[in-house]
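> Below is the file run-v4.pdb, which contains PDB, C-alpha atoms and all ligand atoms.
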```pdb
ATOM      1  CA  MET A   7      41.022 -71.546 204.069
ATOM      2  CA  VAL A   8      40.656 -73.237 200.703
ATOM      3  CA  ASP A   9      43.194 -72.592 197.963
ATOM      4  CA  GLY A  10      44.320 -69.321 199.595
ATOM      5  CA  ARG A  11      41.183 -67.569 198.385
ATOM      6  CA  LEU A  12      38.133 -68.998 200.150
ATOM      7  CA  LEU A  13      37.423 -68.627 203.820
ATOM      8  CA  LEU A  14      35.160 -71.072 205.638
ATOM      9  CA  ASP A  15      33.551 -69.122 208.502
ATOM     10  CA  GLY A  16      35.267 -66.271 210.319
ATOM     11  CA  GLY A  17      35.290 -66.741 214.060
ATOM     12  CA  ALA A  18      38.983 -66.361 214.858
ATOM     13  CA  PRO A  19      40.873 -63.033 214.923
ATOM     14  CA  LEU A  20      41.408 -63.212 211.193
ATOM     15  CA  LEU A  21      43.997 -60.560 210.412
ATOM     16  CA  PRO A  22      46.755 -61.734 212.797
ATOM     17  CA  HIS A  23      45.996 -65.386 212.068
ATOM     18  CA  LEU A  24      46.079 -64.930 208.291
ATOM     19  CA  ARG A  25      49.347 -63.035 208.552
ATOM     20  CA  ARG A  26      50.923 -65.741 210.689
ATOM     21  CA  VAL A  27      50.022 -68.481 208.222
ATOM     22  CA  GLY A  28      51.194 -66.404 205.247
ATOM     23  CA  VAL A  29      47.844 -65.582 203.657
ATOM     24  CA  GLU A  30      47.272 -62.101 202.252
ATOM     25  CA  ALA A  31      43.895 -60.869 203.589
ATOM     26  CA  GLY A  32      43.161 -59.120 200.306
ATOM     27  CA  ASP A  33      43.439 -62.372 198.337
ATOM     28  CA  ILE A  34      40.251 -63.769 199.832
ATOM     29  CA  GLU A  35      37.533 -63.740 197.185
ATOM     30  CA  ALA A  36      34.669 -65.377 199.043
ATOM     31  CA  VAL A  37      33.617 -66.246 202.589
ATOM     32  CA  PHE A  38      31.274 -69.190 203.143
ATOM     33  CA  LEU A  39      29.314 -68.778 206.379
ATOM     34  CA  THR A  40      27.621 -71.836 207.831
ATOM     35  CA  HIS A  41      25.535 -69.971 210.429
ATOM     36  CA  PHE A  42      25.631 -66.754 212.417
ATOM     37  CA  HIS A  43      26.860 -67.911 215.845
ATOM     38  CA  GLY A  44      29.550 -65.626 217.262
ATOM     39  CA  ASP A  45      32.318 -68.235 217.249
ATOM     40  CA  HIS A  46      31.867 -68.379 213.442
ATOM     41  CA  THR A  47      31.401 -64.677 212.626
ATOM     42  CA  LEU A  48      32.954 -62.348 215.195
ATOM     43  CA  GLY A  49      36.421 -62.411 213.652
ATOM     44  CA  LEU A  50      34.979 -60.764 210.563
ATOM     45  CA  PRO A  51      34.690 -57.049 211.524
ATOM     46  CA  PRO A  52      38.440 -56.253 211.535
ATOM     47  CA  PHE A  53      38.809 -58.246 208.303
ATOM     48  CA  VAL A  54      36.039 -56.138 206.752
ATOM     49  CA  LEU A  55      37.792 -52.987 207.999
ATOM     50  CA  HIS A  56      40.867 -54.145 206.057
ATOM     51  CA  ARG A  57      38.769 -54.719 202.935
ATOM     52  CA  VAL A  58      37.198 -51.272 203.250
ATOM     53  CA  PHE A  59      40.323 -49.185 203.763
ATOM     54  CA  VAL A  60      43.411 -51.214 202.822
ATOM     55  CA  ASP A  61      42.520 -53.624 200.022
ATOM     56  CA  GLN A  62      39.338 -52.862 198.136
ATOM     57  CA  ARG A  63      39.123 -55.910 195.915
ATOM     58  CA  PRO A  64      35.560 -57.282 195.661
ATOM     59  CA  LEU A  65      34.424 -59.779 198.280
ATOM     60  CA  THR A  66      31.487 -62.207 198.244
ATOM     61  CA  PHE A  67      29.734 -63.651 201.279
ATOM     62  CA  VAL A  68      27.701 -66.838 200.876
ATOM     63  CA  GLY A  69      25.456 -67.951 203.708
ATOM     64  CA  PRO A  70      22.015 -68.785 205.068
ATOM     65  CA  ALA A  71      18.923 -66.647 204.409
ATOM     66  CA  GLY A  72      19.126 -63.302 206.203
ATOM     67  CA  LEU A  73      22.858 -63.064 205.457
ATOM     68  CA  GLU A  74      22.916 -59.423 204.363
ATOM     69  CA  GLU A  75      20.733 -58.209 207.226
ATOM     70  CA  ARG A  76      22.714 -60.119 209.865
ATOM     71  CA  LEU A  77      26.139 -59.057 208.609
ATOM     72  CA  GLU A  78      25.215 -55.439 207.943
ATOM     73  CA  ALA A  79      23.876 -55.323 211.533
ATOM     74  CA  LEU A  80      27.233 -56.650 212.751
ATOM     75  CA  TRP A  81      29.155 -54.000 210.800
ATOM     76  CA  ALA A  82      26.789 -51.293 212.091
ATOM     77  CA  VAL A  83      27.292 -52.448 215.698
ATOM     78  CA  SER A  84      31.045 -52.377 215.118
ATOM     79  CA  TRP A  85      31.329 -48.839 213.740
ATOM     80  CA  GLY A  86      28.044 -47.049 214.495
ATOM     81  CA  PRO A  87      26.909 -44.336 212.076
ATOM     82  CA  ASP A  88      30.319 -44.224 210.366
ATOM     83  CA  TRP A  89      29.607 -47.611 208.849
ATOM     84  CA  ARG A  90      26.752 -46.367 206.607
ATOM     85  CA  ARG A  91      28.144 -42.878 206.075
ATOM     86  CA  VAL A  92      31.827 -43.529 205.333
ATOM     87  CA  MET A  93      32.624 -47.216 205.083
ATOM     88  CA  ARG A  94      29.726 -48.942 203.332
ATOM     89  CA  PRO A  95      30.158 -46.906 200.113
ATOM     90  CA  LYS A  96      33.788 -48.105 199.850
ATOM     91  CA  PHE A  97      33.011 -51.776 200.529
ATOM     92  CA  LYS A  98      32.769 -53.827 197.306
ATOM     93  CA  VAL A  99      30.666 -56.631 198.732
ATOM     94  CA  LYS A 100      28.127 -59.095 197.368
ATOM     95  CA  TYR A 101      25.845 -61.092 199.673
ATOM     96  CA  LEU A 102      24.563 -64.363 198.207
ATOM     97  CA  THR A 103      22.013 -66.563 199.931
ATOM     98  CA  ALA A 104      23.342 -70.101 199.463
ATOM     99  CA  ARG A 105      21.333 -72.136 196.967
ATOM    100  CA  PRO A 106      21.114 -75.946 196.869
ATOM    101  CA  SER A 107      23.873 -75.667 194.277
ATOM    102  CA  GLY A 108      25.663 -72.774 192.648
ATOM    103  CA  ARG A 109      28.971 -71.168 191.705
ATOM    104  CA  VAL A 110      31.085 -68.698 193.653
ATOM    105  CA  ALA A 111      34.539 -67.371 192.774
ATOM    106  CA  GLY A 112      34.573 -69.770 189.831
ATOM    107  CA  LEU A 113      33.973 -72.832 192.039
ATOM    108  CA  LYS A 114      30.939 -75.101 192.127
ATOM    109  CA  TYR A 115      29.323 -75.713 195.518
ATOM    110  CA  GLU A 116      26.366 -77.558 197.016
ATOM    111  CA  THR A 117      24.585 -76.743 200.262
ATOM    112  CA  VAL A 118      23.328 -79.346 202.752
ATOM    113  CA  LYS A 119      21.084 -78.218 205.621
ATOM    114  CA  LEU A 120      22.397 -79.598 208.911
ATOM    115  CA  ASP A 121      20.868 -79.898 212.386
ATOM    116  CA  HIS A 122      22.247 -77.353 214.835
ATOM    117  CA  GLY A 123      20.394 -75.335 217.478
ATOM    118  CA  THR A 124      17.243 -73.462 216.530
ATOM    119  CA  SER A 125      18.227 -72.097 213.145
ATOM    120  CA  GLY A 126      20.323 -74.970 211.783
ATOM    121  CA  CYS A 127      23.549 -74.750 209.835
ATOM    122  CA  ASN A 128      24.561 -74.788 206.165
ATOM    123  CA  GLY A 129      27.118 -77.452 205.316
ATOM    124  CA  TYR A 130      28.943 -76.938 202.007
ATOM    125  CA  ARG A 131      30.502 -79.228 199.423
ATOM    126  CA  ILE A 132      33.012 -77.231 197.404
ATOM    127  CA  HIS A 133      34.579 -78.529 194.189
ATOM    128  CA  VAL A 134      38.243 -77.517 193.915
ATOM    129  CA  ASN A 135      40.676 -78.821 191.289
ATOM    130  CA  GLY A 136      38.606 -81.964 190.685
ATOM    131  CA  LYS A 137      38.285 -82.736 194.412
ATOM    132  CA  VAL A 138      35.377 -82.265 196.817
ATOM    133  CA  ILE A 139      35.821 -80.589 200.182
ATOM    134  CA  ALA A 140      32.948 -80.948 202.645
ATOM    135  CA  TYR A 141      32.677 -78.454 205.491
ATOM    136  CA  SER A 142      30.088 -78.825 208.228
ATOM    137  CA  GLY A 143      30.358 -75.817 210.505
ATOM    138  CA  ASP A 144      28.344 -76.980 213.530
ATOM    139  CA  THR A 145      26.050 -79.983 213.474
ATOM    140  CA  GLU A 146      24.552 -82.882 215.328
ATOM    141  CA  PRO A 147      25.594 -86.247 213.896
ATOM    142  CA  THR A 148      22.312 -86.757 212.023
ATOM    143  CA  ALA A 149      21.584 -88.131 208.537
ATOM    144  CA  PRO A 150      22.263 -84.871 206.641
ATOM    145  CA  LEU A 151      25.879 -84.943 207.882
ATOM    146  CA  ASP A 152      26.429 -88.331 206.223
ATOM    147  CA  LYS A 153      24.974 -86.846 203.034
ATOM    148  CA  LEU A 154      27.378 -83.901 203.313
ATOM    149  CA  VAL A 155      30.538 -86.001 203.597
ATOM    150  CA  ASP A 156      29.478 -88.853 201.281
ATOM    151  CA  GLY A 157      32.117 -89.288 198.549
ATOM    152  CA  ALA A 158      34.063 -86.168 199.621
ATOM    153  CA  ASP A 159      37.853 -86.298 199.315
ATOM    154  CA  VAL A 160      38.327 -84.155 202.406
ATOM    155  CA  ALA A 161      35.825 -83.426 205.160
ATOM    156  CA  ILE A 162      36.336 -80.651 207.700
ATOM    157  CA  VAL A 163      33.865 -81.520 210.391
ATOM    158  CA  GLU A 164      33.323 -80.450 213.960
ATOM    159  CA  ALA A 165      33.984 -82.809 216.868
ATOM    160  CA  THR A 166      33.195 -80.638 219.835
ATOM    161  CA  GLY A 167      34.047 -82.801 222.830
ATOM    162  CA  PRO A 168      33.747 -86.149 224.565
ATOM    163  CA  GLY A 169      30.386 -87.416 225.767
ATOM    164  CA  ASP A 170      27.193 -85.371 225.708
ATOM    165  CA  VAL A 171      27.638 -82.219 223.595
ATOM    166  CA  PHE A 172      24.353 -80.385 223.081
ATOM    167  CA  SER A 173      23.536 -79.627 219.407
ATOM    168  CA  HIS A 174      27.056 -80.672 218.364
ATOM    169  CA  MET A 175      28.941 -83.866 217.500
ATOM    170  CA  SER A 176      30.792 -85.843 220.153
ATOM    171  CA  TRP A 177      34.181 -87.473 219.628
ATOM    172  CA  GLU A 178      32.485 -90.870 219.735
ATOM    173  CA  ALA A 179      30.037 -89.900 216.975
ATOM    174  CA  ALA A 180      32.923 -88.390 214.980
ATOM    175  CA  ALA A 181      34.829 -91.676 215.176
ATOM    176  CA  SER A 182      31.867 -93.645 213.874
ATOM    177  CA  LEU A 183      31.247 -91.092 211.090
ATOM    178  CA  LYS A 184      34.849 -91.581 209.990
ATOM    179  CA  LYS A 185      34.369 -95.351 210.038
ATOM    180  CA  ARG A 186      31.284 -95.069 207.811
ATOM    181  CA  HIS A 187      33.266 -93.050 205.215
ATOM    182  CA  PRO A 188      36.668 -94.779 205.040
ATOM    183  CA  LYS A 189      37.742 -93.154 201.743
ATOM    184  CA  THR A 190      37.330 -89.597 203.022
ATOM    185  CA  ARG A 191      40.146 -87.807 204.811
ATOM    186  CA  PHE A 192      38.682 -86.188 207.932
ATOM    187  CA  LEU A 193      39.949 -83.068 209.664
ATOM    188  CA  PHE A 194      38.112 -82.486 212.934
ATOM    189  CA  ASN A 195      37.837 -78.961 214.319
ATOM    190  CA  HIS A 196      35.741 -76.966 216.831
ATOM    191  CA  VAL A 197      37.194 -78.953 219.750
ATOM    192  CA  TYR A 198      36.319 -77.083 222.936
ATOM    193  CA  SER A 199      37.064 -79.539 225.673
ATOM    194  CA  GLY A 200      39.466 -82.327 226.387
ATOM    195  CA  THR A 201      42.827 -82.979 224.774
ATOM    196  CA  VAL A 202      43.528 -85.202 221.795
ATOM    197  CA  PRO A 203      46.845 -86.991 221.330
ATOM    198  CA  GLY A 204      48.443 -86.125 217.985
ATOM    199  CA  ALA A 205      46.302 -83.033 217.399
ATOM    200  CA  VAL A 206      47.756 -80.271 215.222
ATOM    201  CA  LYS A 207      49.025 -77.159 216.955
ATOM    202  CA  ASP A 208      47.322 -73.770 216.792
ATOM    203  CA  LEU A 209      48.065 -72.056 213.455
ATOM    204  CA  GLN A 210      49.772 -75.145 212.049
ATOM    205  CA  VAL A 211      49.267 -75.266 208.276
ATOM    206  CA  LEU A 212      48.197 -78.610 206.805
ATOM    207  CA  GLU A 213      48.722 -79.167 203.119
ATOM    208  CA  VAL A 214      45.912 -81.453 201.971
TER     209      VAL A 214
HETATM  210 ZN    ZN B   1      26.985 -72.863 216.361
HETATM  211 ZN    ZN B   2      30.463 -73.182 216.751
END
```
Show me the file's structure as structure tokens.
Ligand SMILES: [Zn+2]
Ligand SMILES: [Zn+2]

Amino acid sequence: MVDGRLLLDGGAPLLPHLRRVGVEAGDIEAVFLTHFHGDHTLGLPPFVLHRVFVDQRPLTFVGPAGLEERLEALWAVSWGPDWRRVMRPKFKVKYLTARPSGRVAGLKYETVKLDHGTSGCNGYRIHVNGKVIAYSGDTEPTAPLDKLVDGADVAIVEATGPGDVFSHMSWEAAASLKKRHPKTRFLFNHVYSGTVPGAVKDLQVLEV
């Protein structure tokens, strides 16, 4: 979450998690999607259900090309014919293909194409209250990742696991990325193996 109103990807079970960290699901104005892998998108359907029936404030999705087609297919899989017939007409949604730079929900952003799997991943630099937040989604530790985090105040970057992590960044590569950008505060996420001393707990809120 950024500023209580932007969501960066939507893989987790969003409604219970948002409630537990004190965020009102209807307050979210925009969702930035880095790519369409299930661990980044499959928490979205119940959140969309909420935005269709409970809180109908407008919502914007920003993401890679094919965004509308991919997400509408996900909603259709989730609810079958009732999606188009009953729910879609109530859903105040805008789908925006991310541009190299643009504005969403009153905030400036830039997109950096990162290396991840076959279709790649959109990293975003978002300008909030005079600060820059960089968010990688999933990526190998290649040159575009350095471009993404360069000069950012805060970088939320994946560090999947120790050793060889296919199409992702290892802990070792994450440590050297951090060393190359000493002025940036790094928050590492997407950890799927191993344990890290001093790591935050699930659903712990960090004020940055
Ligand atoms: Zn992925
Ligand atoms: Zn992932």
> Go through A:Ala82, A:Leu65, A:Ile132, A:Val110 one by one, measure the shortest atom-to-atom distance of each to Phe97 in chain A using all atoms listed in the file, and give the residue with the smallest value.
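Of A:Ala82, A:Leu65, A:Ile132, A:Val110, the one nearest Phe97 in chain A is A:Leu65, counting all atoms listed in the file.
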> Output as JSON the centre and edge lengths (Å, one decimal) of the box along x, y and z of the file that holds every listed atom of range 123-137 of chain A after adding 3 Å on each side.

```
{"center_x": 29.0, "center_y": -77.4, "center_z": 204.1, "size_x": 29.4, "size_y": 16.6, "size_z": 32.8}
```
> What do you get as a list in words if you pick all residues at most 8 Å from ligand ZN 1 (chain B), counting all atoms listed in the file?
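What falls inside 8 Å of ligand ZN 1 (chain B) is His41, Phe42, His43, Gly44, Asp45, His46, His122, Gly123, Cys127, Gly143, Asp144 and Thr145 of chain A.
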> Counting all atoms listed in the file, which of A:Ala36, A:Val211, A:Ala158, A:Val202 gets nearest to Pro188 in chain A?
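Using all atoms listed in the file, Pro188 in chain A sits closest to A:Ala158.
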> Dump as a PDB file with C-alpha atoms, in the coordinates of the input all residues having an atom at most 12 Å from (41.1, -59.0, 216.6), computed in the file's coordinates with all atoms listed in the file.

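Saved as out.pdb:
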```pdb
ATOM      1  CA  GLY A  16      35.267 -66.271 210.319  1.00  0.00           C
ATOM      2  CA  GLY A  17      35.290 -66.741 214.060  1.00  0.00           C
ATOM      3  CA  ALA A  18      38.983 -66.361 214.858  1.00  0.00           C
ATOM      4  CA  PRO A  19      40.873 -63.033 214.923  1.00  0.00           C
ATOM      5  CA  LEU A  20      41.408 -63.212 211.193  1.00  0.00           C
ATOM      6  CA  LEU A  21      43.997 -60.560 210.412  1.00  0.00           C
ATOM      7  CA  PRO A  22      46.755 -61.734 212.797  1.00  0.00           C
ATOM      8  CA  HIS A  23      45.996 -65.386 212.068  1.00  0.00           C
ATOM      9  CA  LEU A  24      46.079 -64.930 208.291  1.00  0.00           C
ATOM     10  CA  THR A  47      31.401 -64.677 212.626  1.00  0.00           C
ATOM     11  CA  LEU A  48      32.954 -62.348 215.195  1.00  0.00           C
ATOM     12  CA  GLY A  49      36.421 -62.411 213.652  1.00  0.00           C
ATOM     13  CA  LEU A  50      34.979 -60.764 210.563  1.00  0.00           C
ATOM     14  CA  PRO A  51      34.690 -57.049 211.524  1.00  0.00           C
ATOM     15  CA  PRO A  52      38.440 -56.253 211.535  1.00  0.00           C
ATOM     16  CA  PHE A  53      38.809 -58.246 208.303  1.00  0.00           C
ATOM     17  CA  VAL A  54      36.039 -56.138 206.752  1.00  0.00           C
ATOM     18  CA  LEU A  55      37.792 -52.987 207.999  1.00  0.00           C
ATOM     19  CA  HIS A  56      40.867 -54.145 206.057  1.00  0.00           C
TER      20      HIS A  56
END
```
> If I take CA of Pro87 in chain A and CA of Ile34 in chain A, how far is one from the other in Å, to one decimal?
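CA of Ile34 in chain A lies at a distance of 26.6 Å from CA of Pro87 in chain A.
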> Out of A:Leu39, A:Val92, A:Leu212, A:Val138, which residue has the shortest atom-to-atom distance to ligand ZN 2 (chain B) when counting all atoms listed in the file?
A:Leu39
> Show which residues sit within 12 Å of Met7 in chain A, as a ChimeraX atom specification. Count all atoms listed in the file, and ignore same-chain residues fewer than 2 positions away.
/A:9-16,20,23-24,27-31,33-38,132,139,141,162,209,211-214
> What does the file look like for those residues with C-alpha atoms, as a compact mmCIF listing (two decimals), in the coordinates of the input?

```txt
# COMPACT_ATOMS: atom_id res chain seq x y z
CA ASP A 9 43.19 -72.59 197.96
CA GLY A 10 44.32 -69.32 199.60
CA ARG A 11 41.18 -67.57 198.38
CA LEU A 12 38.13 -69.00 200.15
CA LEU A 13 37.42 -68.63 203.82
CA LEU A 14 35.16 -71.07 205.64
CA ASP A 15 33.55 -69.12 208.50
CA GLY A 16 35.27 -66.27 210.32
CA LEU A 20 41.41 -63.21 211.19
CA HIS A 23 46.00 -65.39 212.07
CA LEU A 24 46.08 -64.93 208.29
CA VAL A 27 50.02 -68.48 208.22
CA GLY A 28 51.19 -66.40 205.25
CA VAL A 29 47.84 -65.58 203.66
CA GLU A 30 47.27 -62.10 202.25
CA ALA A 31 43.90 -60.87 203.59
CA ASP A 33 43.44 -62.37 198.34
CA ILE A 34 40.25 -63.77 199.83
CA GLU A 35 37.53 -63.74 197.18
CA ALA A 36 34.67 -65.38 199.04
CA VAL A 37 33.62 -66.25 202.59
CA PHE A 38 31.27 -69.19 203.14
CA ILE A 132 33.01 -77.23 197.40
CA ILE A 139 35.82 -80.59 200.18
CA TYR A 141 32.68 -78.45 205.49
CA ILE A 162 36.34 -80.65 207.70
CA LEU A 209 48.06 -72.06 213.46
CA VAL A 211 49.27 -75.27 208.28
CA LEU A 212 48.20 -78.61 206.80
CA GLU A 213 48.72 -79.17 203.12
CA VAL A 214 45.91 -81.45 201.97
```
> At a cut-off of 7 Å, using only C-alpha atoms, what residues contact Val197 in chain A? Leave out same-chain residues fewer than 2 positions from it and give the result as a VMD selection string.
chain A and resid 165 to 167 195 199
> Show me, as a list of chain:residue names, the residues that have an atom within 6 Å of Val68 in chain A when counting all atoms listed in the file, minus same-chain residues fewer than 3 positions from it.
A:Phe38, A:Leu102, A:Thr103, A:Ala104
> Given the choices A:Val171, A:Leu80, A:Leu183, A:Val99, which gets closest to ligand ZN 2 (chain B) if the distance is worked out from only C-alpha atoms and all ligand atoms?
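Ranking A:Val171, A:Leu80, A:Leu183, A:Val99 by distance to ligand ZN 2 (chain B), first place goes to A:Val171.
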